[in-house]
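Engineer: Sharing final-v3.cif below, mmCIF, C-alpha atoms:
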```cif
data_my_file
loop_
_atom_site.label_atom_id
_atom_site.label_comp_id
_atom_site.auth_asym_id
_atom_site.auth_seq_id
_atom_site.Cartn_x
_atom_site.Cartn_y
_atom_site.Cartn_z
CA MET A 537 30.85 -6.42 0.65
CA GLU A 538 30.00 -6.41 4.33
CA LYS A 539 26.31 -6.72 5.22
CA GLN A 540 24.52 -6.52 8.54
CA ASN A 541 20.92 -6.65 9.69
CA LEU A 542 20.58 -4.55 12.84
CA ILE A 543 17.50 -4.05 15.01
CA ILE A 544 16.37 -0.90 16.80
CA ASN A 545 13.73 -1.48 19.47
CA SER A 546 12.28 1.97 19.02
CA LYS A 547 10.73 3.72 21.98
CA TYR A 548 9.28 6.32 19.61
CA LEU A 549 7.63 3.91 17.19
CA ASN A 550 6.90 1.27 19.84
CA LYS A 551 8.16 -1.56 17.65
CA ALA A 552 11.33 -3.16 16.34
CA ILE A 553 12.75 -1.65 13.16
CA GLU A 554 15.39 -3.35 11.04
CA ILE A 555 18.30 -1.32 9.69
CA LYS A 556 20.32 -2.99 6.94
CA THR A 557 23.90 -1.88 6.41
CA PHE A 558 26.11 -2.43 3.38
CA GLY A 559 29.82 -1.71 3.15
CA HIS A 560 32.51 -1.21 5.74
CA TYR A 561 33.83 2.33 5.44
CA GLY A 562 33.45 5.70 3.74
CA LEU A 563 30.85 8.44 3.53
CA ASN A 564 27.71 7.37 5.33
CA LEU A 565 24.54 7.30 3.24
CA LEU A 566 21.16 7.02 4.98
CA LEU A 567 18.80 5.58 2.37
CA PHE A 568 15.08 5.99 3.03
CA ARG A 569 13.29 3.07 1.47
CA ASN A 570 10.49 3.89 -0.94
CA THR A 571 7.29 2.65 0.70
CA PHE A 572 6.35 0.61 -2.36
CA ALA A 573 9.82 -0.78 -3.06
CA THR A 574 10.22 -4.54 -2.75
CA ASP A 575 13.23 -6.23 -1.18
CA TYR A 576 14.36 -7.04 -4.71
CA ASP A 577 14.16 -3.36 -5.69
CA CYS A 578 16.32 -2.39 -2.72
CA GLN A 579 18.83 -5.12 -3.46
CA ASP A 580 19.07 -3.98 -7.08
CA ILE A 581 19.89 -0.45 -5.91
CA VAL A 582 22.52 -1.75 -3.49
CA ASP A 583 24.02 -3.98 -6.18
CA SER A 584 24.21 -1.05 -8.60
CA ILE A 585 26.61 0.80 -6.26
CA LYS A 586 28.40 -2.34 -5.06
CA HIS A 587 31.78 -1.17 -6.33
CA ASN A 588 31.54 2.08 -4.36
CA LEU A 589 30.68 0.08 -1.25
CA GLN A 590 33.47 -2.44 -1.76
CA ILE A 591 36.23 0.13 -2.19
CA GLY A 592 35.15 2.08 0.89
CA LYS A 593 33.85 5.17 -0.87
CA CYS A 594 30.59 4.92 1.05
CA LYS A 595 28.67 2.87 3.57
CA LEU A 596 24.91 2.50 3.21
CA PHE A 597 22.29 2.35 5.95
CA LEU A 598 18.83 1.34 4.69
CA VAL A 599 15.84 2.37 6.80
CA ASP A 600 12.11 1.90 6.24
CA THR A 601 9.67 4.75 6.28
CA ILE A 602 6.39 4.35 8.20
CA ASP A 603 4.08 6.06 5.72
CA ARG A 604 1.79 3.02 5.70
CA ASP A 605 1.26 3.57 9.42
CA SER A 606 1.02 7.34 9.20
CA TRP A 607 -0.15 9.28 6.15
CA LEU A 608 -1.31 6.27 4.14
CA ASN A 609 -3.30 4.82 7.03
CA LYS A 610 -6.82 6.07 6.42
CA GLU A 611 -8.19 4.14 9.40
CA ILE A 612 -6.83 6.64 11.92
CA PRO A 613 -7.65 10.37 12.22
CA PRO A 614 -5.31 12.88 10.59
CA GLN A 615 -4.12 14.19 13.96
CA GLU A 616 -2.83 10.73 14.80
CA ARG A 617 -1.17 10.38 11.39
CA SER A 618 0.63 13.66 12.01
CA LYS A 619 1.73 12.47 15.46
CA LYS A 620 3.18 9.30 13.95
CA HIS A 621 5.19 11.38 11.51
CA PHE A 622 6.46 13.45 14.45
CA ASP A 623 7.51 10.25 16.21
CA TYR A 624 9.27 9.06 13.07
CA ASN A 625 11.37 12.23 12.99
CA ASN A 626 12.49 11.54 16.55
CA PHE A 627 13.24 7.93 15.64
CA ILE A 628 15.54 9.07 12.83
CA GLU A 629 17.23 11.93 14.65
CA GLU A 630 17.87 10.08 17.89
CA GLU A 631 17.71 6.32 17.46
CA VAL A 632 18.94 5.84 13.90
CA LEU A 633 21.69 8.43 14.29
CA SER A 634 22.79 6.79 17.53
CA LEU A 635 23.06 3.45 15.71
CA ILE A 636 25.09 4.97 12.86
CA TYR A 637 27.42 6.72 15.29
CA ASN A 638 27.90 3.51 17.28
CA GLU A 639 28.66 1.56 14.12
CA SER A 640 31.07 4.25 12.94
CA GLY A 641 32.90 4.85 16.19
CA GLY A 642 31.61 8.38 16.69
CA ALA A 643 29.77 11.27 15.05
CA VAL A 644 30.28 11.03 11.28
CA PRO A 645 29.02 12.98 8.24
CA ILE A 646 25.78 11.55 6.82
CA ILE A 647 24.07 12.26 3.51
CA THR A 648 20.39 11.36 3.27
CA VAL A 649 19.20 9.56 0.13
CA GLY A 650 15.83 8.59 -1.27
CA ALA A 651 13.58 8.23 -4.30
CA ASP A 652 9.85 8.90 -4.66
CA ASN A 653 8.40 9.26 -1.13
CA GLY A 654 11.85 8.28 0.13
CA ALA A 655 13.13 11.46 -1.54
CA PHE A 656 10.65 13.48 0.48
CA HIS A 657 11.93 11.94 3.71
CA ALA A 658 15.57 12.34 2.67
CA ALA A 659 15.18 15.99 1.75
CA ASN A 660 12.95 16.89 4.68
CA THR A 661 15.22 15.15 7.17
CA PHE A 662 18.21 17.10 5.88
CA PHE A 663 16.51 20.50 5.60
CA ARG A 664 15.06 20.19 9.09
CA ARG A 665 18.44 19.31 10.62
CA PRO A 666 21.32 20.61 8.50
CA ASP A 667 23.33 20.80 11.70
CA ILE A 668 23.59 17.00 11.88
CA PHE A 669 23.37 15.98 8.20
CA LEU A 670 25.88 16.82 5.50
CA GLY A 671 23.50 16.90 2.55
CA THR A 672 20.85 15.05 0.58
CA ILE A 673 20.36 13.16 -2.67
CA ALA A 674 16.65 13.41 -3.53
CA LEU A 675 15.42 11.61 -6.64
CA SER A 676 11.98 12.09 -8.23
CA GLY A 677 10.49 13.43 -5.05
CA TYR A 678 7.62 15.60 -3.92
CA TYR A 679 8.35 18.20 -1.26
CA ASN A 680 4.87 19.45 -0.40
CA LEU A 681 3.48 17.30 2.41
CA SER A 682 -0.08 18.37 1.67
CA TYR A 683 0.02 16.02 -1.34
CA ILE A 684 -0.57 13.12 1.04
CA THR A 685 -2.38 14.63 4.04
CA ASP A 686 -5.90 14.75 2.54
CA ASN A 687 -5.96 18.54 3.04
CA TYR A 688 -5.15 18.23 6.75
CA PHE A 689 -2.37 20.65 7.70
CA ASP A 690 -1.36 21.35 11.30
CA ASP A 691 1.82 22.96 12.65
CA ASN A 692 3.66 19.65 12.49
CA CYS A 693 2.71 19.30 8.82
CA TYR A 694 4.03 22.78 8.14
CA PHE A 695 7.38 21.99 9.73
CA ASN A 696 7.65 18.80 7.66
CA SER A 697 6.81 20.37 4.30
CA PRO A 698 9.96 21.89 2.76
CA VAL A 699 8.15 24.06 0.22
CA HIS A 700 6.27 25.66 3.11
CA TYR A 701 8.90 26.16 5.81
CA LEU A 702 11.98 26.90 3.69
CA PRO A 703 10.68 30.14 2.11
CA ASN A 704 10.00 31.51 5.60
CA LEU A 705 13.30 30.38 7.09
CA ASN A 706 15.13 33.53 8.13
CA TYR A 707 16.90 32.46 11.31
CA ASN A 708 20.61 32.86 10.63
CA TYR A 709 21.57 29.82 12.72
CA TRP A 710 19.81 27.36 10.40
CA LEU A 711 20.50 29.31 7.23
CA SER A 712 24.22 29.35 7.96
CA TYR A 713 24.26 25.56 8.06
CA LEU A 714 22.24 25.24 4.85
CA MET A 715 24.38 27.78 3.04
CA SER A 716 27.57 25.98 4.06
CA ARG A 717 26.48 22.56 2.76
CA LYS A 718 27.93 21.45 -0.57
CA HIS A 719 26.04 18.21 -1.17
CA ILE A 720 22.43 19.02 -2.03
CA TYR A 721 21.41 17.09 -5.15
CA LEU A 722 17.91 17.22 -6.61
CA LEU A 723 17.26 15.06 -9.66
CA THR A 724 14.20 13.94 -11.57
CA GLY A 725 13.24 12.60 -14.94
CA SER A 726 10.59 14.10 -17.18
CA GLY A 727 9.18 10.85 -18.52
CA ASP A 728 6.20 8.72 -17.59
CA GLY A 729 5.04 9.22 -14.00
CA GLU A 730 7.51 11.99 -13.23
CA PHE A 731 6.57 15.45 -12.00
CA PRO A 732 9.67 17.59 -12.60
CA GLU A 733 7.81 20.69 -11.45
CA ASN A 734 8.15 19.39 -7.86
CA THR A 735 11.93 19.45 -8.14
CA SER A 736 11.91 22.78 -9.98
CA GLN A 737 9.81 24.37 -7.24
CA LEU A 738 12.17 23.26 -4.49
CA SER A 739 15.20 24.30 -6.53
CA SER A 740 13.73 27.77 -7.02
CA ILE A 741 13.15 28.16 -3.28
CA LEU A 742 16.75 27.17 -2.52
CA TYR A 743 18.07 29.53 -5.18
CA ASN A 744 16.09 32.45 -3.73
CA LYS A 745 17.53 31.67 -0.29
CA GLY A 746 21.08 31.57 -1.58
CA ILE A 747 21.45 27.88 -0.74
CA ARG A 748 23.87 26.13 -3.07
CA HIS A 749 22.53 22.98 -4.70
CA HIS A 750 22.74 20.90 -7.85
CA THR A 751 19.55 20.26 -9.82
CA GLU A 752 19.10 18.17 -12.95
CA ILE A 753 15.95 17.34 -14.88
CA TRP A 754 16.61 14.39 -17.17
CA GLY A 755 14.79 13.79 -20.44
CA PRO A 756 11.52 12.07 -21.28
CA GLU A 757 13.20 8.68 -21.58
CA TRP A 758 13.65 8.72 -17.80
CA GLY A 759 10.41 7.73 -16.08
CA HIS A 760 9.36 7.26 -12.48
CA ASN A 761 11.00 3.90 -11.90
CA LYS A 762 13.86 2.01 -10.33
CA ASP A 763 16.07 2.10 -13.42
CA THR A 764 16.00 5.90 -13.40
CA TRP A 765 16.91 6.08 -9.72
CA ILE A 766 19.74 3.57 -10.08
CA ALA A 767 21.24 5.60 -12.93
CA MET A 768 20.88 8.86 -10.97
CA LEU A 769 22.41 7.51 -7.78
CA LYS A 770 25.37 6.00 -9.63
CA TYR A 771 25.87 9.29 -11.45
CA ILE A 772 25.96 11.30 -8.23
CA LEU A 773 28.28 8.88 -6.44
CA GLU A 774 30.70 8.53 -9.33
CA GLN A 775 30.73 12.04 -10.76
CA LYS A 776 29.67 14.46 -8.03
CA LEU A 777 30.82 13.09 -4.68
#
```
What's the structure tokens form of this structure?

Structural biologist:
Amino acid sequence: MEKQNLIINSKYLNKAIEIKTFGHYGLNLLLFRNTFATDYDCQDIVDSIKHNLQIGKCKLFLVDTIDRDSWLNKEIPPQERSKKHFDYNNFIEEEVLSLIYNESGGAVPIITVGADNGAFHAANTFFRRPDIFLGTIALSGYYNLSYITDNYFDDNCYFNSPVHYLPNLNYNYWLSYLMSRKHIYLLTGSGDGEFPENTSQLSSILYNKGIRHHTEIWGPEWGHNKDTWIAMLKYILEQKL
């Protein structure tokens, strides 16, 4: 399995960000790293889909989130946390996409992927820009940004909180993209640490908008942990994509 460690000297984040790639060909997956995931956790996830990477079914790009610098950084005012989130969006949409396109030889379909807070970033990134992303695989996520903003909520927060902006989305341009996408997967367990109501709420919003998606809530034996997310990701890759 091919592996690379690439560096983006980000003008938006004002620092160097490492992007790890796994595989050589196939559908491009942009995996948003869970803020609290260790390197070993990430490697376990990569190893679990190693066969799919080796045979060229998919290629994985692993990117860090900056939640420790933005919403989890209580030493800066909320306005600055919101600004950092805004900058992170630009980093993903311009700098990370440019890297993926360069590595792939041109514009290619990309599905966003993530678990826990990574699921929030994966889903939000896709729903904000369905014109440039093919779909999303969101595992055990929350989709209401106010959960982590300490009750601060400006316009930028609104436009980064799917359960807030999606119900009010009526512009046909964006809806046409969302309604044409066939790879929206929302999964969660119902065991220890899981909050399946977060997934159910988002699923209900999509259903009311006529946006096709696949939702599954697994049983109480599936808790909020790496083993659950590995099983879910393998299931989607091997049975749905």

Engineer: Given the choices A:Thr724, A:Ile543, A:Phe558, A:Gly650, which gets closest to Asp583 in chain A if the distance is worked out from all atoms listed in the file?

Structural biologist: A:Phe558

Engineer: Restricting the calculation to all atoms listed in the file: of A:Ala658, A:Ala651, A:Leu722, A:Cys594, which residue gets closest to Asn625 in chain A?

Structural biologist: A:Ala658

Engineer: Write out as JSON, numbers by chain which residues come within 7 Å of range 684-701 of chain A when counting only C-alpha atoms, dropping same-chain ones fewer than 2 positions away.

Structural biologist: {"A": [607, 614, 618, 660, 679, 680, 681, 682, 703, 704, 705, 738]}

Engineer: Evaluate the PyMOL selection byres ((chain A and resi 766) around 9) on the structure here and hand back the selected residues as a PDB file with C-alpha atoms, in the frame of the given file.

Structural biologist:
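What ended up in out.pdb:
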```pdb
ATOM      1  CA  ASP A 580      19.070  -3.980  -7.080  1.00  0.00           C
ATOM      2  CA  ILE A 581      19.890  -0.450  -5.910  1.00  0.00           C
ATOM      3  CA  VAL A 582      22.520  -1.750  -3.490  1.00  0.00           C
ATOM      4  CA  SER A 584      24.210  -1.050  -8.600  1.00  0.00           C
ATOM      5  CA  ILE A 585      26.610   0.800  -6.260  1.00  0.00           C
ATOM      6  CA  ASN A 761      11.000   3.900 -11.900  1.00  0.00           C
ATOM      7  CA  LYS A 762      13.860   2.010 -10.330  1.00  0.00           C
ATOM      8  CA  ASP A 763      16.070   2.100 -13.420  1.00  0.00           C
ATOM      9  CA  THR A 764      16.000   5.900 -13.400  1.00  0.00           C
ATOM     10  CA  TRP A 765      16.910   6.080  -9.720  1.00  0.00           C
ATOM     11  CA  ALA A 767      21.240   5.600 -12.930  1.00  0.00           C
ATOM     12  CA  MET A 768      20.880   8.860 -10.970  1.00  0.00           C
ATOM     13  CA  LEU A 769      22.410   7.510  -7.780  1.00  0.00           C
ATOM     14  CA  LYS A 770      25.370   6.000  -9.630  1.00  0.00           C
ATOM     15  CA  TYR A 771      25.870   9.290 -11.450  1.00  0.00           C
TER      16      TYR A 771
END
```

Engineer: Name the closest residue to Thr672 in chain A among the candidates A:Leu565, A:Leu711, A:Leu589, A:Ala643; distances are taken between atoms, counting all atoms listed in the file.

Structural biologist: A:Leu565

Engineer: If we count only C-alpha atoms and set the cut-off at 10 Å, which residues sit around Val599 in chain A, ignoring sequence neighbours fewer than 6 positions away in its own chain? Please answer as number ranges by chain.

Structural biologist: A: 553-557, 566-570, 628, 632, 654

Engineer: Assuming the chain letters and numbering stay as they are in my file, what does the PyMOL selection byres ((chain A and resi 734) around 9) actually select? List them as a tab-separated table (two decimals) with C-alpha atoms, in the coordinates of the input.

Structural biologist:
```
chain	number	residue	atom	x	y	z
A	676	SER	CA	11.98	12.09	-8.23
A	677	GLY	CA	10.49	13.43	-5.05
A	678	TYR	CA	7.62	15.60	-3.92
A	679	TYR	CA	8.35	18.20	-1.26
A	680	ASN	CA	4.87	19.45	-0.40
A	724	THR	CA	14.20	13.94	-11.57
A	731	PHE	CA	6.57	15.45	-12.00
A	732	PRO	CA	9.67	17.59	-12.60
A	733	GLU	CA	7.81	20.69	-11.45
A	735	THR	CA	11.93	19.45	-8.14
A	736	SER	CA	11.91	22.78	-9.98
A	737	GLN	CA	9.81	24.37	-7.24
A	738	LEU	CA	12.17	23.26	-4.49
A	739	SER	CA	15.20	24.30	-6.53
```

Engineer: Give as a PyMOL selection string the set of residues within 10 Å of the point (17.2, 19.0, 5.9), where distances use the file's coordinates and only C-alpha atoms.

Structural biologist: chain A and resi 647-648+657-672+696+698+702+710+713-714+720

Engineer: Tell me which residues the PyMOL selection byres ((chain A and resi 721) around 7) grabs here, as a list in words.

Structural biologist: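 Output of the PyMOL selection byres ((chain A and resi 721) around 7): Thr672, Ile673, Ala674, His719, Ile720, Leu722, Leu723, His749, His750 and Thr751 of chain A.
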
Engineer: Work out how far CA of Asp623 in chain A is from CA of Ser606 in chain A, in Å to one decimal.

Structural biologist: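 Rounded to one decimal, the two atoms are 10.0 Å apart.
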
Engineer: In Å, with one decimal, what is the gap from CA of Tyr624 in chain A to CA of Glu611 in chain A?

Structural biologist: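 It comes out at 18.5 Å.
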
Engineer: Which value, in Å to one decimal, gives the distance between CA of Gly725 in chain A and CA of Trp754 in chain A?

Structural biologist: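 So the two atoms, CA of Gly725 in chain A and CA of Trp754 in chain A, lie 4.4 Å apart.
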
Engineer: Do you know which residues lie at most 8 Å from (6.9, 5.9, 16.7), with coordinates as in the file and all atoms listed in the file counted, and could you write them as a ChimeraX atom specification?

Structural biologist: /A:546-551,620-624,626-627

Engineer: Kindly export the residues of the current selection with C-alpha atoms, as a PDB file, in the coordinates of the input.

Structural biologist:
```pdb
ATOM      1  CA  SER A 546      12.280   1.970  19.020  1.00  0.00           C
ATOM      2  CA  LYS A 547      10.730   3.720  21.980  1.00  0.00           C
ATOM      3  CA  TYR A 548       9.280   6.320  19.610  1.00  0.00           C
ATOM      4  CA  LEU A 549       7.630   3.910  17.190  1.00  0.00           C
ATOM      5  CA  ASN A 550       6.900   1.270  19.840  1.00  0.00           C
ATOM      6  CA  LYS A 551       8.160  -1.560  17.650  1.00  0.00           C
ATOM      7  CA  LYS A 620       3.180   9.300  13.950  1.00  0.00           C
ATOM      8  CA  HIS A 621       5.190  11.380  11.510  1.00  0.00           C
ATOM      9  CA  PHE A 622       6.460  13.450  14.450  1.00  0.00           C
ATOM     10  CA  ASP A 623       7.510  10.250  16.210  1.00  0.00           C
ATOM     11  CA  TYR A 624       9.270   9.060  13.070  1.00  0.00           C
ATOM     12  CA  ASN A 626      12.490  11.540  16.550  1.00  0.00           C
ATOM     13  CA  PHE A 627      13.240   7.930  15.640  1.00  0.00           C
TER      14      PHE A 627
END
```

Engineer: From the coordinates supplied, range 592-633 of chain A should be written with N, CA and C atoms, as a CSV table (one decimal), in the first residue's frame.

Structural biologist:
```
chain,number,residue,atom,x,y,z
A,592,GLY,N,-7.1,-0.7,-5.1
A,592,GLY,CA,-7.5,0.5,-5.9
A,592,GLY,C,-8.9,0.9,-5.9
A,593,LYS,N,-9.7,0.4,-4.9
A,593,LYS,CA,-11.1,0.8,-4.8
A,593,LYS,C,-11.2,2.3,-4.3
A,594,CYS,N,-10.2,2.6,-3.4
A,594,CYS,CA,-10.2,4.0,-2.9
A,594,CYS,C,-8.8,4.4,-2.5
A,595,LYS,N,-8.7,5.7,-2.4
A,595,LYS,CA,-7.4,6.4,-1.9
A,595,LYS,C,-7.8,7.3,-0.8
A,596,LEU,N,-7.1,7.3,0.3
A,596,LEU,CA,-7.4,8.0,1.5
A,596,LEU,C,-6.5,9.2,1.8
A,597,PHE,N,-7.1,10.3,2.0
A,597,PHE,CA,-6.3,11.5,2.5
A,597,PHE,C,-6.8,11.8,3.9
A,598,LEU,N,-5.8,11.8,4.8
A,598,LEU,CA,-6.1,12.0,6.2
A,598,LEU,C,-5.7,13.5,6.6
A,599,VAL,N,-6.6,14.2,7.1
A,599,VAL,CA,-6.4,15.6,7.5
A,599,VAL,C,-6.8,15.9,8.9
A,600,ASP,N,-6.0,16.7,9.6
A,600,ASP,CA,-6.3,17.0,11.0
A,600,ASP,C,-7.4,18.1,11.0
A,601,THR,N,-8.2,18.1,12.1
A,601,THR,CA,-9.1,19.3,12.3
A,601,THR,C,-8.3,20.3,13.2
A,602,ILE,N,-8.8,21.4,13.4
A,602,ILE,CA,-8.1,22.4,14.3
A,602,ILE,C,-9.0,22.8,15.4
A,603,ASP,N,-9.8,21.9,15.9
A,603,ASP,CA,-10.8,22.2,17.0
A,603,ASP,C,-10.1,22.6,18.2
A,604,ARG,N,-8.9,22.1,18.5
A,604,ARG,CA,-8.1,22.5,19.7
A,604,ARG,C,-7.7,24.0,19.6
A,605,ASP,N,-7.5,24.5,18.4
A,605,ASP,CA,-7.2,25.9,18.2
A,605,ASP,C,-8.4,26.8,18.1
A,606,SER,N,-9.5,26.2,17.8
A,606,SER,CA,-10.7,27.0,17.6
A,606,SER,C,-11.7,26.8,18.7
A,607,TRP,N,-12.7,25.9,18.5
A,607,TRP,CA,-13.8,25.9,19.5
A,607,TRP,C,-13.4,25.3,20.9
A,608,LEU,N,-12.3,24.5,20.9
A,608,LEU,CA,-11.9,24.0,22.2
A,608,LEU,C,-10.8,24.8,22.9
A,609,ASN,N,-10.5,25.9,22.3
A,609,ASN,CA,-9.5,26.8,22.9
A,609,ASN,C,-10.2,27.9,23.7
A,610,LYS,N,-10.3,27.7,24.9
A,610,LYS,CA,-11.1,28.6,25.8
A,610,LYS,C,-10.3,29.9,26.2
A,611,GLU,N,-9.0,30.0,25.7
A,611,GLU,CA,-8.2,31.1,26.0
A,611,GLU,C,-8.3,32.3,25.1
A,612,ILE,N,-9.1,32.1,24.0
A,612,ILE,CA,-9.4,33.1,23.1
A,612,ILE,C,-10.9,33.4,23.0
A,613,PRO,N,-11.3,34.6,22.7
A,613,PRO,CA,-12.7,35.0,22.7
A,613,PRO,C,-13.5,34.2,21.6
A,614,PRO,N,-14.8,34.0,21.8
A,614,PRO,CA,-15.5,33.2,20.8
A,614,PRO,C,-15.5,33.8,19.4
A,615,GLN,N,-15.4,35.1,19.2
A,615,GLN,CA,-15.3,35.6,17.9
A,615,GLN,C,-14.1,35.1,17.2
A,616,GLU,N,-13.0,35.0,17.9
A,616,GLU,CA,-11.8,34.5,17.3
A,616,GLU,C,-11.9,33.0,17.0
A,617,ARG,N,-12.5,32.3,17.9
A,617,ARG,CA,-12.7,30.8,17.6
A,617,ARG,C,-13.5,30.7,16.3
A,618,SER,N,-14.6,31.5,16.1
A,618,SER,CA,-15.4,31.4,14.9
A,618,SER,C,-14.6,31.7,13.7
A,619,LYS,N,-13.7,32.7,13.8
A,619,LYS,CA,-12.9,33.1,12.7
A,619,LYS,C,-11.9,32.0,12.3
A,620,LYS,N,-11.4,31.3,13.3
A,620,LYS,CA,-10.5,30.2,13.0
A,620,LYS,C,-11.2,29.1,12.3
A,621,HIS,N,-12.5,28.8,12.6
A,621,HIS,CA,-13.3,27.8,11.9
A,621,HIS,C,-13.5,28.3,10.5
A,622,PHE,N,-13.8,29.6,10.3
A,622,PHE,CA,-13.9,30.1,8.9
A,622,PHE,C,-12.7,29.9,8.1
A,623,ASP,N,-11.5,30.1,8.7
A,623,ASP,CA,-10.2,29.9,8.0
A,623,ASP,C,-10.0,28.5,7.7
A,624,TYR,N,-10.5,27.6,8.6
A,624,TYR,CA,-10.3,26.1,8.3
A,624,TYR,C,-11.1,25.7,7.1
A,625,ASN,N,-12.3,26.2,7.0
A,625,ASN,CA,-13.1,26.0,5.8
A,625,ASN,C,-12.4,26.3,4.5
A,626,ASN,N,-11.8,27.5,4.5
A,626,ASN,CA,-11.0,27.9,3.3
A,626,ASN,C,-9.8,27.0,3.1
A,627,PHE,N,-9.2,26.6,4.2
A,627,PHE,CA,-8.0,25.7,4.1
A,627,PHE,C,-8.5,24.4,3.4
A,628,ILE,N,-9.6,23.8,3.8
A,628,ILE,CA,-10.1,22.6,3.2
A,628,ILE,C,-10.5,22.8,1.7
A,629,GLU,N,-11.3,23.8,1.5
A,629,GLU,CA,-11.9,24.0,0.1
A,629,GLU,C,-10.9,24.5,-0.9
A,630,GLU,N,-9.8,25.1,-0.5
A,630,GLU,CA,-8.9,25.6,-1.5
A,630,GLU,C,-7.5,24.9,-1.4
A,631,GLU,N,-7.0,24.8,-0.2
A,631,GLU,CA,-5.6,24.2,-0.2
A,631,GLU,C,-5.6,22.7,-0.2
A,632,VAL,N,-6.5,22.1,0.6
A,632,VAL,CA,-6.5,20.6,0.6
A,632,VAL,C,-7.1,20.1,-0.7
A,633,LEU,N,-8.1,20.7,-1.2
A,633,LEU,CA,-8.6,20.2,-2.5
A,633,LEU,C,-7.6,20.4,-3.6
```
